4 protein chains.
Amino acid sequence: MLTNLKKDVLQANLDLFRSGLVTRTWGNASGISRSEGLFVIKPSGVEYDKLTIDDMVVVDLEGKIVEGNKRPSSDTPTHIELYKAFPEIGGIAHSHSTYATIFAQACKEIPCLGTTHADHFSGNIPLTRFLTKEEIEIDYEKNTGSVIVEKFREINYLNMPGVLVAGHAPFCWGKNSTDAVKNSIVLENVAKMALLTLHLNPEIKKLPEYISQKHFQRKHGPNSYYGQKS
Amino acid sequence: MLTNLKKDVLQANLDLFRSGLVTRTWGNASGISRSEGLFVIKPSGVEYDKLTIDDMVVVDLEGKIVEGNKRPSSDTPTHIELYKAFPEIGGIAHSHSTYATIFAQACKEIPCLGTTHADHFSGNIPLTRFLTKEEIEIDYEKNTGSVIVEKFREINYLNMPGVLVAGHAPFCWGKNSTDAVKNSIVLENVAKMALLTLHLNPEIKKLPEYISQKHFQRKHGPNSYYGQKS
Amino acid sequence: MLTNLKKDVLQANLDLFRSGLVTRTWGNASGISRSEGLFVIKPSGVEYDKLTIDDMVVVDLEGKIVEGNKRPSSDTPTHIELYKAFPEIGGIAHSHSTYATIFAQACKEIPCLGTTHADHFSGNIPLTRFLTKEEIEIDYEKNTGSVIVEKFREINYLNMPGVLVAGHAPFCWGKNSTDAVKNSIVLENVAKMALLTLHLNPEIKKLPEYISQKHFQRKHGPNSYYGQKS
Amino acid sequence: MLTNLKKDVLQANLDLFRSGLVTRTWGNASGISRSEGLFVIKPSGVEYDKLTIDDMVVVDLEGKIVEGNKRPSSDTPTHIELYKAFPEIGGIAHSHSTYATIFAQACKEIPCLGTTHADHFSGNIPLTRFLTKEEIEIDYEKNTGSVIVEKFREINYLNMPGVLVAGHAPFCWGKNSTDAVKNSIVLENVAKMALLTLHLNPEIKKLPEYISQKHFQRKHGPNSYYGQKS
């Protein structure tokens with residue numbers, strides 16, 4: 001069942017781990033088949049170096065386990081909220097990568113300070129509010145998704161494929177699980193450079209809008225010319 | 001004698017080293033057999049990449065070497081104090097890992113600033129006082145254990161599996177030596193993120209208590225649901 | 001066609017990647033044959049671990065692709081400007097290496113604070129101005145080269161083999177692509193040390209001129225005596 | 001000639017490189033045979049991964065090359081000054097390791113802030129003055145040794161096996177080249193922790209003298225009890 005998707009999601013999880021974004025078992029990637037309404041996700045708390053394709057769990061958008069011998073990631077309800085609210089995404093990745101998590105813990109957006117950022121994220125990388133006591137008691141992981149969705153009411157999720165959850169860590173997404181992991185790697189890199197840029201020059205302003213827009217469009221706009229023709 | 005325990009403790013020591021927490025020979029892990037009242041510990045000053053199972057030293061809770069051709073870690077009396085005072089722990093790990101040691105040297109607790117911390121440690125990671133001149137002259141390593149135990153008079157060692165010794169470095173513990181090393185890895189990660197979170201936002205407050213409690217209970221409480229059923 | 005140059009440029013690109021200066025596909029190295037007026041450059045957006053000699057693109061100084069099945073790096077027009085303006089260089093390397101990029105984002109030159117810097121770069125490593133809106137709209141990558149060249153009107157490019165483009169990242173050059181990559185590695189190292197030196201002692205002055213000149217001349221002057229006789 | 005010493009010095013140079021203290025070719029280790037008055041040192045500017053035993057250069061204390069096809073390290077005259085002034089050392093190592101070099105560039109001693117430091121260095125790690133213009137013009141590398149020796153007029157070089165040369169980088173020594181490299185690794189580690197400890201708590205005081213002395217004596221004093229009996 002969904003063998004190719006499982007392979008992709010397994011590989012995305014391994015990439016997340018090998019890229020140094022994951023300590024121990026903290027993190028997970030998933031990928032969805034929109035036509036079948038099912039997604040594949042990492043099992044909860046299993047060590048990455050022992051992960052096999054048979055460990056992958058297939059879940060539907062109600063949270064029902066459709067296939068798999070293991071519990072899915074405890075963050076599964078967060079993934080469901082994002083898949084429901086962002087219909088054009090095909091994959092999600094979550095990690096506690098050091099520098100992105102530092103911004104989440106410090107309750108600061110990541111300002112767009114350079115072209116590396118602008119190449120991948122259009123604007124500052126947003127920060128959710130804290131969940132309320134009630135939201136945590138009723139359904140913590142689902143409501144983690146809800147506060148992300150709430151934050152994106154006025155942000156285009158296709159131009160901003162990531163977010164920081166206050167006090168917690170980042171979530172990223174993309175056209176598939178590989179793309180979501182790629183965005184997680186970029187986010188971590190951009191977060192580290194932003195933190196130290198602000199340290200070196202606390203007066204620094206955001207990159208001029210005409211430069212950041214040029215860079216984002218060069219890679220993602222209708223007339224993009226970066227990379228090879230696909 | 002205690003072959004399985006020796007294997008586990010050897011592996012825990014190697015994990016401590018390979019996880020990047022140890023420079024040269026600085027660090028040691030031990031594991032105890034409560035039924036026999038004996039523990040296994042790394043020999044003193046031996047390089048990790050030359051460590052074999054036959055180098056492991058078996059010691060009783062009076063500090064007597066029961067088996068082994070080498071001197072046990074010079075920190076053995078500290079381990080004994082902890083095993084005596086914390087009856088439910090099964091393993092201890094000590095390292096001079098960079099960021100945890102920085103907090104110890106700066107004489108600062110590690111505040112709970114995010115869910116990564118809250119997932120593993122309930123509350124701020126405590127700092128002991130400095131040993132007095134007399135405590136150092138009489139029995140330095142034993143009294144290192146004593147100041148840790150003193151600090152935990154009002155802290156539950158099961159919810160807080162680690163401590164910073166002022167001017168020195170961290171000690172962690174757990175249900176066995178593997179678990180103690182795991183907590184050492186988490187502590188180092190949490191310390192790095194806390195240091196840089198405080199740098200990015202010096203005004204940041206502790207994570208709201210209802211969030212940190214949720215996270216700790218989700219992994220460690222009676223109704224924990226993280227990971228696979230064991 | 002230009003087989004040896006292609007081999008060298010492939011190797012230089014791999015060295016750039018393996019030295020840790022490149023995240024994902026961000027970066028490129030090129031090398032020129034002055035006698036033929038042609039240069040070899042990395043293809044755009046291709047992952048480094050899949051790069052082969054057949055992927056290398058041969059381009060002339062008008063930007064025409066002379067050989068190759070792939071699009072050349074999107075930064076090709078920048079390389080052309082530099083090859084035209086700096087007639088004695090034989091190679092160029094561009095990356096978004098963390099610390100050099102931080103200085104570029106912070107809009108700060110890298111001051112010469114030690115002999116490591118002085119061994120390789122004579123003076124502070126310069127920073128360009130931002131491109132204007134018009135420059136970006138008309139020909140972004142070509143004008144990135146132009147602002148670099150503008151900055152070097154009063155700087156000797158042979159004594160200063162690198163520059164920071166404001167809000168973007170560094171470009172380095174040298175007698176060939178290998179040398180350009182070597183200078184990129186040095187620049188990154190020097191940038192990291194400068195950032196943290198300024199943190200540790202914000203009052204620190206530039207290295208005395210008689211020391212920095214001694215070091216630069218020891219390696220690069222007419223009576224240089226570092227390394228082996230060639 | 002001096003085959004065993006050459007093997008040791010080659011290995012020490014490789015250890016220096018593999019420990020991450022060396023970028024490119026910056027650094028060198030040497031070891032001396034006191035009975036023969038000859039020392040073995042790395043050749044100048046040769047890449048570490050190509051270094052063989054036949055590249056090692058044998059030099060006498062007048063700086064004459066006694067054996068070897070290559071030029072010795074350009075820092076050879078510095079090594080000579082140290083071997084002459086410090087009769088009980090058997091090896092020297094020099095690198096531009098990041099954090100120790102940062103302290104040298106910032107013109108700051110490394111204060112003793114923790115037991116990791118105290119285990120290996122008795123007191124603050126000293127900083128030389130800058131060389132004068134005349135000292136640099138007359139004999140730069142020899143006078144680098146002289147300012148180190150000058151600094152140690154009132155410091156016991158056996159209890160303090162390392163120094164920072166202002167604006168330049170560290171030199172370390174020990175009973176042989178292996179020991180000198182070990183001290184370089186410790187110095188780098190201690191420098192990183194000191195920099196960030198001072199960042200986390202700018203008010204922090206030196207470790208109490210009775211603790212730092214205990215630690216140094218525990219490893220190096222007449223009644224040392226760390227490690228195995230030799």
# chains A, B, ... in the order shown; residues from 1 in each chain; ligands from 1
$ residues_around --residues "Cys107 of chain B" --least-positions-apart "3" --cutoff "8 Å" --atoms "only C-alpha atoms" --output "NGL selection string"
(:B and (103-104 or 127 or 166-167)) or (:D and (204))
$ select_by_dssp --residues "segment 5-135 of chain A" --states "alpha helix (DSSP H)" --output "ChimeraX atom specification"
/A:5-18,76-85,98-106,115-118,133-135
$ interface_residues --of "chain D" --to "chain C" --cutoff "6 Å" --atoms "only C-alpha atoms" --output "PDB file with all heavy atoms, in the first residue's frame"
ATOM      1  N   SER D  44      57.241  23.109   5.695  1.00  0.00           N
ATOM      2  CA  SER D  44      56.407  24.310   5.541  1.00  0.00           C
ATOM      3  C   SER D  44      55.365  24.145   4.432  1.00  0.00           C
ATOM      4  O   SER D  44      55.690  23.694   3.325  1.00  0.00           O
ATOM      5  CB  SER D  44      57.314  25.502   5.199  1.00  0.00           C
ATOM      6  OG  SER D  44      56.560  26.679   5.040  1.00  0.00           O
ATOM      7  N   GLY D  45      54.116  24.485   4.735  1.00  0.00           N
ATOM      8  CA  GLY D  45      53.090  24.607   3.701  1.00  0.00           C
ATOM      9  C   GLY D  45      52.678  23.314   3.016  1.00  0.00           C
ATOM     10  O   GLY D  45      51.984  23.356   2.005  1.00  0.00           O
ATOM     11  N   ILE D 102      40.958  33.408  18.710  1.00  0.00           N
ATOM     12  CA  ILE D 102      40.068  34.536  19.017  1.00  0.00           C
ATOM     13  C   ILE D 102      40.562  35.288  20.261  1.00  0.00           C
ATOM     14  O   ILE D 102      40.596  36.519  20.275  1.00  0.00           O
ATOM     15  CB  ILE D 102      38.616  34.034  19.184  1.00  0.00           C
ATOM     16  CG1 ILE D 102      38.041  33.676  17.812  1.00  0.00           C
ATOM     17  CG2 ILE D 102      37.744  35.056  19.906  1.00  0.00           C
ATOM     18  CD1 ILE D 102      36.804  32.821  17.852  1.00  0.00           C
ATOM     19  N   GLN D 105      43.616  37.222  19.223  1.00  0.00           N
ATOM     20  CA  GLN D 105      43.248  38.394  18.424  1.00  0.00           C
ATOM     21  C   GLN D 105      42.602  39.479  19.289  1.00  0.00           C
ATOM     22  O   GLN D 105      42.768  40.671  19.033  1.00  0.00           O
ATOM     23  CB  GLN D 105      42.278  37.994  17.309  1.00  0.00           C
ATOM     24  CG  GLN D 105      42.905  37.119  16.244  1.00  0.00           C
ATOM     25  CD  GLN D 105      42.039  36.957  14.991  1.00  0.00           C
ATOM     26  OE1 GLN D 105      42.540  36.575  13.948  1.00  0.00           O
ATOM     27  NE2 GLN D 105      40.733  37.228  15.088  1.00  0.00           N
ATOM     28  N   ALA D 106      41.836  39.043  20.282  1.00  0.00           N
ATOM     29  CA  ALA D 106      41.159  40.007  21.160  1.00  0.00           C
ATOM     30  C   ALA D 106      42.110  40.554  22.218  1.00  0.00           C
ATOM     31  O   ALA D 106      41.733  41.426  23.007  1.00  0.00           O
ATOM     32  CB  ALA D 106      39.952  39.347  21.825  1.00  0.00           C
ATOM     33  N   GLY D 167      47.538  38.904  18.685  1.00  0.00           N
ATOM     34  CA  GLY D 167      47.234  39.129  17.274  1.00  0.00           C
ATOM     35  C   GLY D 167      47.544  37.953  16.375  1.00  0.00           C
ATOM     36  O   GLY D 167      47.328  38.018  15.168  1.00  0.00           O
ATOM     37  N   HIS D 168      48.042  36.872  16.943  1.00  0.00           N
ATOM     38  CA  HIS D 168      48.464  35.747  16.145  1.00  0.00           C
ATOM     39  C   HIS D 168      47.692  34.473  16.542  1.00  0.00           C
ATOM     40  O   HIS D 168      46.575  34.288  16.045  1.00  0.00           O
ATOM     41  CB  HIS D 168      49.985  35.590  16.283  1.00  0.00           C
ATOM     42  CG  HIS D 168      50.598  34.559  15.396  1.00  0.00           C
ATOM     43  ND1 HIS D 168      51.951  34.469  15.177  1.00  0.00           N
ATOM     44  CD2 HIS D 168      50.058  33.557  14.687  1.00  0.00           C
ATOM     45  CE1 HIS D 168      52.206  33.467  14.349  1.00  0.00           C
ATOM     46  NE2 HIS D 168      51.073  32.907  14.043  1.00  0.00           N
TER      47      HIS D 168
END
$ select_by_dssp --residues "chain D" --states "strand (DSSP E)" --output "mmCIF file with C-alpha atoms, in the first residue's frame"
data_model
loop_
_atom_site.group_PDB
_atom_site.id
_atom_site.type_symbol
_atom_site.label_atom_id
_atom_site.label_comp_id
_atom_site.auth_asym_id
_atom_site.auth_seq_id
_atom_site.Cartn_x
_atom_site.Cartn_y
_atom_site.Cartn_z
ATOM 1 C CA GLY D 27 49.977 24.603 12.161
ATOM 2 C CA ASN D 28 52.924 22.435 12.990
ATOM 3 C CA ALA D 29 54.199 20.124 15.682
ATOM 4 C CA SER D 30 57.783 19.235 16.533
ATOM 5 C CA GLY D 31 59.588 16.914 18.934
ATOM 6 C CA ILE D 32 63.143 17.030 20.240
ATOM 7 C CA SER D 33 65.831 14.530 21.104
ATOM 8 C CA LEU D 38 68.141 17.736 17.252
ATOM 9 C CA PHE D 39 64.439 18.154 16.638
ATOM 10 C CA VAL D 40 62.007 16.935 14.006
ATOM 11 C CA ILE D 41 59.439 19.338 12.549
ATOM 12 C CA VAL D 57 62.738 17.700 8.595
ATOM 13 C CA VAL D 58 65.534 17.266 11.158
ATOM 14 C CA VAL D 59 66.950 20.551 12.446
ATOM 15 C CA ASP D 60 69.565 21.438 15.051
ATOM 16 C CA ILE D 65 68.778 21.467 8.455
ATOM 17 C CA VAL D 66 70.493 18.189 9.309
ATOM 18 C CA GLU D 67 68.248 15.933 7.220
ATOM 19 C CA GLY D 91 57.552 18.824 22.029
ATOM 20 C CA ILE D 92 55.827 21.935 20.677
ATOM 21 C CA ALA D 93 52.582 22.428 18.744
ATOM 22 C CA HIS D 94 51.287 25.521 16.988
ATOM 23 C CA SER D 95 47.907 26.005 15.345
ATOM 24 C CA GLY D 162 50.662 27.109 26.508
ATOM 25 C CA VAL D 163 50.515 30.773 25.565
ATOM 26 C CA LEU D 164 48.687 33.148 23.229
ATOM 27 C CA PRO D 170 48.540 29.856 20.421
ATOM 28 C CA PHE D 171 51.668 27.806 20.997
ATOM 29 C CA CYS D 172 51.583 24.796 23.327
ATOM 30 C CA TRP D 173 54.262 22.426 24.593
ATOM 31 C CA GLY D 174 54.627 19.277 26.645
#
$ residues_around --residues "Glu88 of chain A" --least-positions-apart "5" --cutoff "9 Å" --atoms "only C-alpha atoms" --output "mmCIF file with N, CA and C atoms, in the first residue's frame"
data_model
loop_
_atom_site.group_PDB
_atom_site.id
_atom_site.type_symbol
_atom_site.label_atom_id
_atom_site.label_comp_id
_atom_site.auth_asym_id
_atom_site.auth_seq_id
_atom_site.Cartn_x
_atom_site.Cartn_y
_atom_site.Cartn_z
ATOM 1 N N TYR A 83 -2.490 19.511 6.668
ATOM 2 C CA TYR A 83 -2.938 18.959 5.377
ATOM 3 C C TYR A 83 -4.338 19.446 5.026
ATOM 4 N N LEU A 158 1.998 29.084 0.389
ATOM 5 C CA LEU A 158 2.841 28.616 -0.719
ATOM 6 C C LEU A 158 4.120 29.454 -0.839
ATOM 7 N N GLY A 174 5.990 21.519 1.998
ATOM 8 C CA GLY A 174 6.422 21.680 0.621
ATOM 9 C C GLY A 174 5.584 20.806 -0.283
ATOM 10 N N LYS A 175 6.018 20.705 -1.531
ATOM 11 C CA LYS A 175 5.186 19.955 -2.470
ATOM 12 C C LYS A 175 5.205 18.453 -2.196
#
$ decode --residues "segment 76-163 of chain D" --atoms "C-alpha atoms" --output "PDB file, in the first residue's frame"
ATOM      1  CA  THR D  76      61.102  26.785  13.091  1.00  0.00           C
ATOM      2  CA  PRO D  77      63.000  29.694  14.717  1.00  0.00           C
ATOM      3  CA  THR D  78      60.134  30.070  17.223  1.00  0.00           C
ATOM      4  CA  HIS D  79      60.414  26.401  18.154  1.00  0.00           C
ATOM      5  CA  ILE D  80      64.178  26.818  18.640  1.00  0.00           C
ATOM      6  CA  GLU D  81      63.723  29.706  21.055  1.00  0.00           C
ATOM      7  CA  LEU D  82      61.285  27.666  23.110  1.00  0.00           C
ATOM      8  CA  TYR D  83      63.449  24.545  23.167  1.00  0.00           C
ATOM      9  CA  LYS D  84      66.393  26.652  24.332  1.00  0.00           C
ATOM     10  CA  ALA D  85      64.511  28.512  27.052  1.00  0.00           C
ATOM     11  CA  PHE D  86      62.386  25.639  28.328  1.00  0.00           C
ATOM     12  CA  PRO D  87      64.875  22.808  28.870  1.00  0.00           C
ATOM     13  CA  GLU D  88      62.361  20.252  30.188  1.00  0.00           C
ATOM     14  CA  ILE D  89      59.927  20.283  27.255  1.00  0.00           C
ATOM     15  CA  GLY D  90      60.112  17.617  24.554  1.00  0.00           C
ATOM     16  CA  GLY D  91      57.552  18.824  22.029  1.00  0.00           C
ATOM     17  CA  ILE D  92      55.827  21.935  20.677  1.00  0.00           C
ATOM     18  CA  ALA D  93      52.582  22.428  18.744  1.00  0.00           C
ATOM     19  CA  HIS D  94      51.287  25.521  16.988  1.00  0.00           C
ATOM     20  CA  SER D  95      47.907  26.005  15.345  1.00  0.00           C
ATOM     21  CA  HIS D  96      45.441  28.754  14.495  1.00  0.00           C
ATOM     22  CA  SER D  97      42.642  26.892  16.279  1.00  0.00           C
ATOM     23  CA  THR D  98      39.515  29.026  16.228  1.00  0.00           C
ATOM     24  CA  TYR D  99      38.761  29.907  19.837  1.00  0.00           C
ATOM     25  CA  ALA D 100      42.315  30.138  21.157  1.00  0.00           C
ATOM     26  CA  THR D 101      43.109  32.403  18.203  1.00  0.00           C
ATOM     27  CA  ILE D 102      40.068  34.536  19.017  1.00  0.00           C
ATOM     28  CA  PHE D 103      41.496  35.224  22.487  1.00  0.00           C
ATOM     29  CA  ALA D 104      44.897  36.007  20.910  1.00  0.00           C
ATOM     30  CA  GLN D 105      43.248  38.394  18.424  1.00  0.00           C
ATOM     31  CA  ALA D 106      41.159  40.007  21.160  1.00  0.00           C
ATOM     32  CA  CYS D 107      44.350  40.457  23.218  1.00  0.00           C
ATOM     33  CA  LYS D 108      42.839  38.767  26.248  1.00  0.00           C
ATOM     34  CA  GLU D 109      44.246  36.104  28.559  1.00  0.00           C
ATOM     35  CA  ILE D 110      42.014  33.083  29.055  1.00  0.00           C
ATOM     36  CA  PRO D 111      40.795  33.262  32.651  1.00  0.00           C
ATOM     37  CA  CYS D 112      40.522  30.046  34.645  1.00  0.00           C
ATOM     38  CA  LEU D 113      36.760  29.639  34.961  1.00  0.00           C
ATOM     39  CA  GLY D 114      36.361  25.944  35.550  1.00  0.00           C
ATOM     40  CA  THR D 115      37.890  22.625  36.466  1.00  0.00           C
ATOM     41  CA  THR D 116      38.460  21.644  32.831  1.00  0.00           C
ATOM     42  CA  HIS D 117      40.935  24.521  32.612  1.00  0.00           C
ATOM     43  CA  ALA D 118      42.389  23.860  36.054  1.00  0.00           C
ATOM     44  CA  ASP D 119      42.952  20.188  35.238  1.00  0.00           C
ATOM     45  CA  HIS D 120      45.544  21.185  32.637  1.00  0.00           C
ATOM     46  CA  PHE D 121      46.728  24.777  33.079  1.00  0.00           C
ATOM     47  CA  SER D 122      47.679  26.318  36.418  1.00  0.00           C
ATOM     48  CA  GLY D 123      46.321  29.881  36.254  1.00  0.00           C
ATOM     49  CA  ASN D 124      45.153  32.124  33.431  1.00  0.00           C
ATOM     50  CA  ILE D 125      46.589  31.286  30.037  1.00  0.00           C
ATOM     51  CA  PRO D 126      48.936  34.192  29.342  1.00  0.00           C
ATOM     52  CA  LEU D 127      49.094  36.563  26.408  1.00  0.00           C
ATOM     53  CA  THR D 128      52.337  37.979  25.034  1.00  0.00           C
ATOM     54  CA  ARG D 129      52.751  41.590  23.986  1.00  0.00           C
ATOM     55  CA  PHE D 130      52.806  42.513  20.288  1.00  0.00           C
ATOM     56  CA  LEU D 131      56.211  42.333  18.675  1.00  0.00           C
ATOM     57  CA  THR D 132      57.694  45.732  17.862  1.00  0.00           C
ATOM     58  CA  LYS D 133      58.329  46.891  14.308  1.00  0.00           C
ATOM     59  CA  GLU D 134      62.051  46.347  14.849  1.00  0.00           C
ATOM     60  CA  GLU D 135      61.604  42.815  16.199  1.00  0.00           C
ATOM     61  CA  ILE D 136      59.529  41.954  13.167  1.00  0.00           C
ATOM     62  CA  GLU D 137      61.988  43.411  10.689  1.00  0.00           C
ATOM     63  CA  ILE D 138      65.076  41.825  12.222  1.00  0.00           C
ATOM     64  CA  ASP D 139      63.890  38.254  12.782  1.00  0.00           C
ATOM     65  CA  TYR D 140      60.168  37.796  13.002  1.00  0.00           C
ATOM     66  CA  GLU D 141      59.884  34.116  13.860  1.00  0.00           C
ATOM     67  CA  LYS D 142      62.821  34.099  16.308  1.00  0.00           C
ATOM     68  CA  ASN D 143      61.375  37.100  18.108  1.00  0.00           C
ATOM     69  CA  THR D 144      57.973  35.432  18.327  1.00  0.00           C
ATOM     70  CA  GLY D 145      59.809  32.926  20.498  1.00  0.00           C
ATOM     71  CA  SER D 146      61.515  35.705  22.439  1.00  0.00           C
ATOM     72  CA  VAL D 147      58.279  37.449  23.439  1.00  0.00           C
ATOM     73  CA  ILE D 148      56.936  34.117  24.659  1.00  0.00           C
ATOM     74  CA  VAL D 149      60.055  33.498  26.724  1.00  0.00           C
ATOM     75  CA  GLU D 150      59.873  37.061  28.055  1.00  0.00           C
ATOM     76  CA  LYS D 151      56.299  36.405  29.223  1.00  0.00           C
ATOM     77  CA  PHE D 152      57.411  33.303  31.112  1.00  0.00           C
ATOM     78  CA  ARG D 153      60.070  35.052  33.213  1.00  0.00           C
ATOM     79  CA  GLU D 154      57.621  34.900  36.091  1.00  0.00           C
ATOM     80  CA  ILE D 155      55.522  31.915  35.028  1.00  0.00           C
ATOM     81  CA  ASN D 156      56.537  28.262  35.440  1.00  0.00           C
ATOM     82  CA  TYR D 157      56.375  26.774  31.948  1.00  0.00           C
ATOM     83  CA  LEU D 158      55.854  23.293  33.377  1.00  0.00           C
ATOM     84  CA  ASN D 159      52.588  24.301  35.048  1.00  0.00           C
ATOM     85  CA  MET D 160      51.452  26.422  32.121  1.00  0.00           C
ATOM     86  CA  PRO D 161      52.064  24.525  28.892  1.00  0.00           C
ATOM     87  CA  GLY D 162      50.662  27.109  26.508  1.00  0.00           C
ATOM     88  CA  VAL D 163      50.515  30.773  25.565  1.00  0.00           C
TER      89      VAL D 163
END
